[in-house]
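Chemist: This is the structure I have questions about; it appears just below.
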Amino acid sequence: MKFQQYVAAVAVESAAYAFDKAFHYLLPSELYRQHLEGCRVVVPFGRGNQKRVGIVLSVSETDGEDCKGLKKILSIADTAPILNEEQLLLMHWLKENTFCSYYDAIRAMLPAALQLRVQERYELVQNADTDGLSQEEQQFLQYLYRARNRKELDMLLDVQESPQKKRIVDSLTAAGIIRMAADAGERMKGKTVRMVRLSERFTEGNLCCSFTVKQQQVVNALQEYGSLEEKEVCYLCGVTAAVVQRLEKNGAVIRYDVPAEDEDIPCSVQHSPQEIKLSEQQQAVFDQVAPHLETQEPQCFLLHGVTGSGKTSVFEALIARTLSLGKTVLMLLPEIGLTPQTVKRFSARFGDRIAVMHSSLSLGERKRSYERVRSGRADLVIGTRSAVFAPLQNIGLIIMDEEGERSYKSDAAPRFDTIQVARYRCRIHGAVLLPASATPTLESYYFAQKDVYHLLEMTQRYGDAPLPSVEVADMNEERMQGNDTEFSTILTQALEENLKRGEQSILLLNRRGYHTIISCCTCNQPVYCKNCSVPMTYHKSDGNLHCHYCGSIQRMPEQCPTCHGEHLRKMGFGTQRLEDELAARFPQARILRMDADTTTSRFAYEKSFEAFKNGEYDIMLGTQMIGKGLDFPNVTLVGVMSVDKALFSGDFRSYERTFALITQVVGRGGRGGKPGRAILQTFLPDHYVLRLAAQQDYHGFVREELAIRKQLLFPPFCDVCVIGVTGESEAEVQTGAEKFVACMKEELTVQKESFPLRVLGPVPCTYGKINGKYRYRIIIKCKNTQQFRNFMRDVLKNAGSVRETARVHIYADMNGSIGI
């Protein structure tokens, strides 16, 4: 007699891409309920039946004949679906368009605090038959019955260090008295900061042990400062966390956690949205976008506005209109550093309707923000790239500020482009998409020219303020005149004048550290990172060499690691050295340095930018983090120290990114009513990119760059799919890359339809080794069509299942970077 049973299609975590699919499991009748799609479950997976978390994609009814051989779902982790219908659609869209696994897509959408960890544990079987047990087994079972709680029971059943206990537990399991169960719990922990201090045994002189050189440095630092964050100790002393852990094991230090402060978001409404006063150009943009907010038809605009044109005021007015219609709004920013300033401004108008989402929030904060959005308590989300997956309902408007920034493209699976995800969500909700920038990507501007987007332009600064005047300082002439410093004469004079007038200055140098390269005088080889094929950078703050790619630190060598020569020269110029030279030239100046080394703490961005805005510093120098989206009314001088190297990064987008960086940082000046001035230092004064950037001629740059890309066949005239192959053995990586190309050729022979394809490579990446992994790439010029994606998916699965690629990782990145 046949009877009905239920089968669930489940996406399982940690499944390799080549084998990732919907796996079918039998759903026991006691676990069945309606609306299981989007719920997480625990399932046995693979030959070893490892317990893994999965998510239910669908449930179907079938007869018993179709269920033979299916494994059973062990438990259901959620009482209600964790993914709604739209999120399930997004998951399938990401898998289809970014060549990721189901669970890669799920991790991108869910905050880490909501992701599950499977725990296997023994549990007692109720009303089990205990007859026939030995005296030893009976005695052990009585201990189990007396356990007061789950934790005590787990301790009694811990068999890792007791073979005798394991034998008894195995026997009781075989008798059906205890059983192995698996459940899943959230990884929810409040964010803490790991601190280090000297132990009482050490300070009281009761510890007798000797220290290595590195351990003694840590001890000296703690004696001087008392207690420090572990990462601060490691940075100051140039050691890894393993050194601190060894000291703890020896009893010399104590490591402890303290709660991290939660980010306070101002909630009081100080100004009404109706008070926003728009200029003529701002009003024209608002009038073109606002009517589409009331429809359910998806629309995409591109707002190209010069720096200081008041794009943010337009955003505020459009957000107010959208919220008044009962719809929700998503506002995306490219950098975490821009978030505090934007949140402060918008919270003054929209209060606690705002939820903030970015990676610097603690696990608890991210979970609370996610729950506020999902429950509808927040209808305006402000955040970085990951916020594009915020679980908003009834979206009316998605804004992408500084749309041209590369940080909107994810470099890890799923390798999505934020604007593509935003467009897909707008199609689902019938919403308006508004990317905006002074320097939009060439692809977006090209699509606007072709009427794919509706182009909106704001050509004047708010209040008719003039754009900063830009002067080019030819550093070749400076060298000929005997000036071998990093400061041109004109920049030095301009800084002196600004200091006298009490006005502020910004200096951009997109290189961290003190010296950017240490080279041998004998063999001319730089000192390379041991884990990467990248030269180390000298940091004066701790006297050590740092790798800016893998984070490793090593002592300054006394001789060349290659030829053992004893004469090493320090070359290059980073932000730390710039800070020292500024202090020497202008001792009266108050200097603020902003780079990755000074913004490691929780509120570093917000506190430093606020202090600069309040006039506590005269000069702010830093890397590209200071070059976009910031508004400082008293800044009247911007100096670009050097961007020549950025022109030759090996990526076809290098010209575009250099032009955008210069345009954006120049636009930080002259925003408060006073005229602005910018000085661009370069050894390439005649290069057309720098010339057009100095003229702030975006349209001229677009014409030049599009002509070049059309000749060389680069986006927007095609798509570029980058195949990356990584592994610990260079020979295996090279073999794997060559095998991938061979699989492509094999797949092409069975394709029924032809499509355009140009394949370059395989070749080593510019930096052939990063963090211990060798890297090869294959560049495919193509059209991103359904046919190509199906082809590439088949090739990835075929290449991932052959012996030659067993020890390497292969991924595909559509329109990703081809530089580093």
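Chain labels follow the order of the structure tokens: the first chain is A, the next B, and so on; residue numbering restarts at 1 in every chain, and ligands are counted from 1 in their shown order.
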As a PDB file with N, CA and C atoms, in the first residue's frame, which residues of range 207-257 of chain A does DSSP assign to strand (DSSP E)?
Modeler:
ATOM      1  N   SER A 227      47.524  48.378  30.437  1.00  0.00           N
ATOM      2  CA  SER A 227      46.761  47.413  29.647  1.00  0.00           C
ATOM      3  C   SER A 227      46.529  47.985  28.262  1.00  0.00           C
ATOM      4  N   LEU A 228      46.500  47.094  27.273  1.00  0.00           N
ATOM      5  CA  LEU A 228      46.336  47.502  25.880  1.00  0.00           C
ATOM      6  C   LEU A 228      45.445  46.487  25.173  1.00  0.00           C
ATOM      7  N   GLU A 229      44.818  46.932  24.069  1.00  0.00           N
ATOM      8  CA  GLU A 229      44.149  45.969  23.209  1.00  0.00           C
ATOM      9  C   GLU A 229      45.198  45.038  22.614  1.00  0.00           C
ATOM     10  N   VAL A 253      51.146  37.143  31.383  1.00  0.00           N
ATOM     11  CA  VAL A 253      50.111  38.116  31.063  1.00  0.00           C
ATOM     12  C   VAL A 253      48.743  37.476  31.194  1.00  0.00           C
ATOM     13  N   ILE A 254      47.748  38.321  31.243  1.00  0.00           N
ATOM     14  CA  ILE A 254      46.357  37.867  31.279  1.00  0.00           C
ATOM     15  C   ILE A 254      45.628  38.507  30.106  1.00  0.00           C
ATOM     16  N   ARG A 255      44.956  37.688  29.315  1.00  0.00           N
ATOM     17  CA  ARG A 255      44.117  38.177  28.216  1.00  0.00           C
ATOM     18  C   ARG A 255      42.665  38.114  28.675  1.00  0.00           C
ATOM     19  N   TYR A 256      41.947  39.185  28.472  1.00  0.00           N
ATOM     20  CA  TYR A 256      40.554  39.230  28.924  1.00  0.00           C
ATOM     21  C   TYR A 256      39.743  40.079  27.952  1.00  0.00           C
ATOM     22  N   ASP A 257      38.442  39.854  27.952  1.00  0.00           N
ATOM     23  CA  ASP A 257      37.540  40.566  27.041  1.00  0.00           C
ATOM     24  C   ASP A 257      36.743  41.615  27.797  1.00  0.00           C
TER      25      ASP A 257
END
Chemist: Can you pull out every residue within 8 Å of range 510-526 of chain A, counting only C-alpha atoms, but drop anything in the same chain fewer than 6 positions away, and send it as a PyMOL selection string?
Modeler: chain A and resi 535-540+560+562-563+565-578+595-597+622-624+642-643
Chemist: Go ahead and save the residues from that selection, with N, CA and C atoms, as a short mmCIF file (atom, residue, chain, number, x, y, z; two decimals), in the first residue's frame.
Modeler:
data_model
loop_
_atom_site.label_atom_id
_atom_site.label_comp_id
_atom_site.auth_asym_id
_atom_site.auth_seq_id
_atom_site.Cartn_x
_atom_site.Cartn_y
_atom_site.Cartn_z
N PRO A 535 56.65 43.70 -2.13
CA PRO A 535 57.66 44.31 -1.27
C PRO A 535 57.06 44.78 0.05
N MET A 536 57.83 44.65 1.11
CA MET A 536 57.38 45.09 2.43
C MET A 536 57.48 46.61 2.53
N THR A 537 56.65 47.19 3.40
CA THR A 537 56.63 48.63 3.64
C THR A 537 57.13 48.91 5.05
N TYR A 538 58.03 49.88 5.18
CA TYR A 538 58.59 50.23 6.49
C TYR A 538 57.64 51.18 7.21
N HIS A 539 57.33 50.84 8.48
CA HIS A 539 56.50 51.70 9.33
C HIS A 539 57.37 52.24 10.47
N LYS A 540 57.47 53.53 10.53
CA LYS A 540 58.33 54.14 11.55
C LYS A 540 57.74 53.98 12.95
N CYS A 560 70.55 41.79 3.31
CA CYS A 560 69.61 41.44 2.24
C CYS A 560 69.25 39.95 2.32
N THR A 562 68.26 38.12 0.00
CA THR A 562 68.60 37.46 -1.27
C THR A 562 70.09 37.22 -1.41
N CYS A 563 70.91 38.30 -1.29
CA CYS A 563 72.35 38.17 -1.51
C CYS A 563 73.17 38.37 -0.24
N GLY A 565 73.76 41.05 1.24
CA GLY A 565 74.44 42.34 1.29
C GLY A 565 74.05 43.11 2.54
N GLU A 566 74.96 43.89 3.07
CA GLU A 566 74.73 44.56 4.34
C GLU A 566 74.24 45.99 4.20
N HIS A 567 74.10 46.48 2.98
CA HIS A 567 73.69 47.86 2.78
C HIS A 567 72.29 47.89 2.15
N LEU A 568 71.34 48.36 2.93
CA LEU A 568 69.95 48.47 2.48
C LEU A 568 69.54 49.94 2.46
N ARG A 569 68.82 50.32 1.41
CA ARG A 569 68.36 51.71 1.35
C ARG A 569 66.83 51.75 1.43
N LYS A 570 66.37 52.77 2.11
CA LYS A 570 64.92 52.97 2.27
C LYS A 570 64.46 53.98 1.23
N MET A 571 63.45 53.58 0.46
CA MET A 571 62.97 54.45 -0.60
C MET A 571 61.45 54.58 -0.50
N GLY A 572 60.93 55.55 -1.22
CA GLY A 572 59.49 55.73 -1.27
C GLY A 572 58.99 56.64 -0.16
N PHE A 573 57.76 57.04 -0.31
CA PHE A 573 57.21 58.10 0.52
C PHE A 573 55.77 57.75 0.87
N GLY A 574 55.51 57.47 2.15
CA GLY A 574 54.16 57.12 2.59
C GLY A 574 53.59 58.17 3.53
N THR A 575 52.38 57.92 4.01
CA THR A 575 51.69 58.92 4.83
C THR A 575 52.41 59.20 6.15
N GLN A 576 53.08 58.19 6.73
CA GLN A 576 53.80 58.44 7.98
C GLN A 576 54.95 59.42 7.77
N ARG A 577 55.68 59.25 6.66
CA ARG A 577 56.79 60.15 6.37
C ARG A 577 56.27 61.55 6.03
N LEU A 578 55.15 61.60 5.30
CA LEU A 578 54.55 62.89 4.98
C LEU A 578 54.18 63.63 6.25
N ASP A 595 44.60 57.13 7.76
CA ASP A 595 44.85 55.97 6.90
C ASP A 595 44.46 54.72 7.67
N ALA A 596 44.69 53.57 7.09
CA ALA A 596 44.25 52.32 7.71
C ALA A 596 44.94 52.06 9.04
N ASP A 597 46.11 52.70 9.28
CA ASP A 597 46.84 52.48 10.52
C ASP A 597 46.33 53.34 11.66
N GLY A 622 46.04 62.02 4.20
CA GLY A 622 45.58 60.64 4.25
C GLY A 622 45.51 59.99 2.89
N THR A 623 45.02 58.76 2.90
CA THR A 623 44.85 57.98 1.67
C THR A 623 43.48 58.29 1.08
N GLN A 624 43.03 57.46 0.16
CA GLN A 624 41.82 57.77 -0.59
C GLN A 624 40.57 57.86 0.27
N SER A 642 50.85 62.79 -5.08
CA SER A 642 51.32 61.97 -6.20
C SER A 642 50.30 60.89 -6.51
N VAL A 643 49.87 60.83 -7.77
CA VAL A 643 48.97 59.75 -8.20
C VAL A 643 49.48 59.09 -9.47
#
Chemist: Have a look at A:Val808, A:Met556, A:Val356, A:Leu507 and name the one nearest to Tyr774 in chain A; count only C-alpha atoms.
Modeler: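 Ranking A:Val808, A:Met556, A:Val356, A:Leu507 by distance to Tyr774 in chain A, first place goes to A:Val808.
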Chemist: Can you tell me, as a list in words, what residues are no more than 10 Å from Cys209 in chain A when counting only C-alpha atoms, ignoring any on the same chain fewer than 5 positions away?
Modeler: Phe202, Asn250, Gly251 and Ala252 of chain A
Chemist: Could you write those residues out with N, CA and C atoms, as a tab-separated table (two decimals), in the first residue's frame?
Modeler:
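Okay, this is what ended up in part_37.tsv:
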chain	number	residue	atom	x	y	z
A	202	PHE	N	53.49	38.03	37.79
A	202	PHE	CA	54.65	38.72	37.24
A	202	PHE	C	54.96	40.00	38.02
A	250	ASN	N	52.58	31.00	29.83
A	250	ASN	CA	53.65	31.02	30.82
A	250	ASN	C	53.24	31.73	32.11
A	251	GLY	N	52.06	32.36	32.11
A	251	GLY	CA	51.58	33.03	33.32
A	251	GLY	C	52.03	34.46	33.45
A	252	ALA	N	52.65	35.03	32.39
A	252	ALA	CA	53.17	36.39	32.51
A	252	ALA	C	52.11	37.46	32.23
Chemist: I'd like the contact shell of Ser29 in chain A - 9 Å cut-off, only C-alpha atoms, skipping same-chain residues fewer than 4 positions apart - returned as a ChimeraX atom specification.
Modeler: /A:5-6,33
Chemist: Create the file for the chosen residues now, containing C-alpha atoms and written as an mmCIF file, in the first residue's frame.
Modeler:
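Just written: again_0.cif:
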data_model
loop_
_atom_site.group_PDB
_atom_site.id
_atom_site.type_symbol
_atom_site.label_atom_id
_atom_site.label_comp_id
_atom_site.auth_asym_id
_atom_site.auth_seq_id
_atom_site.Cartn_x
_atom_site.Cartn_y
_atom_site.Cartn_z
ATOM 1 C CA GLN A 5 5.375 11.430 2.220
ATOM 2 C CA TYR A 6 7.110 14.775 1.931
ATOM 3 C CA ARG A 33 4.441 21.869 8.648
#
Chemist: Taking into account only C-alpha atoms, which residue in the set A:His429, A:Arg789, A:Lys450, A:Lys214 is nearest to Arg555 in chain A?
Modeler: A:Lys214
Chemist: Quick one: of A:Phe632, A:Tyr767, A:Phe648, A:Tyr655, who's nearest to Arg668 in chain A, counting only C-alpha atoms?
Modeler: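 Among the listed residues, A:Phe632 lies closest to Arg668 in chain A.
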Chemist: Identify, with DSSP run on backbone atoms, the residues in range 2-164 of chain A assigned to helix (DSSP H, G or I), and express the list as a VMD selection string.
Modeler: chain A and resid 17 to 19 64 to 67 85 to 98 102 to 109 112 to 114 135 to 145 150 to 156 163 to 164
Chemist: Suppose you want the space between CA of Ile382 in chain A and CA of Arg406 in chain A; what is it in Å?
Modeler: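 It comes out at 18.4 Å.
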Chemist: Name the residues in contact with Val689 in chain A at a cut-off of 10 Å, using only C-alpha atoms, excluding same-chain residues fewer than 4 positions from it; report them as a list of chain:residue names.
Modeler: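 That gives A:Leu647, A:Tyr655, A:Glu656, A:Thr658, A:Phe659, A:Ala660, A:Ile662, A:Leu684, A:Pro685, A:Ala693, A:Ala694, A:Gln695, A:Asp697, A:Gly700, A:Phe701, A:Glu704, A:Glu705.
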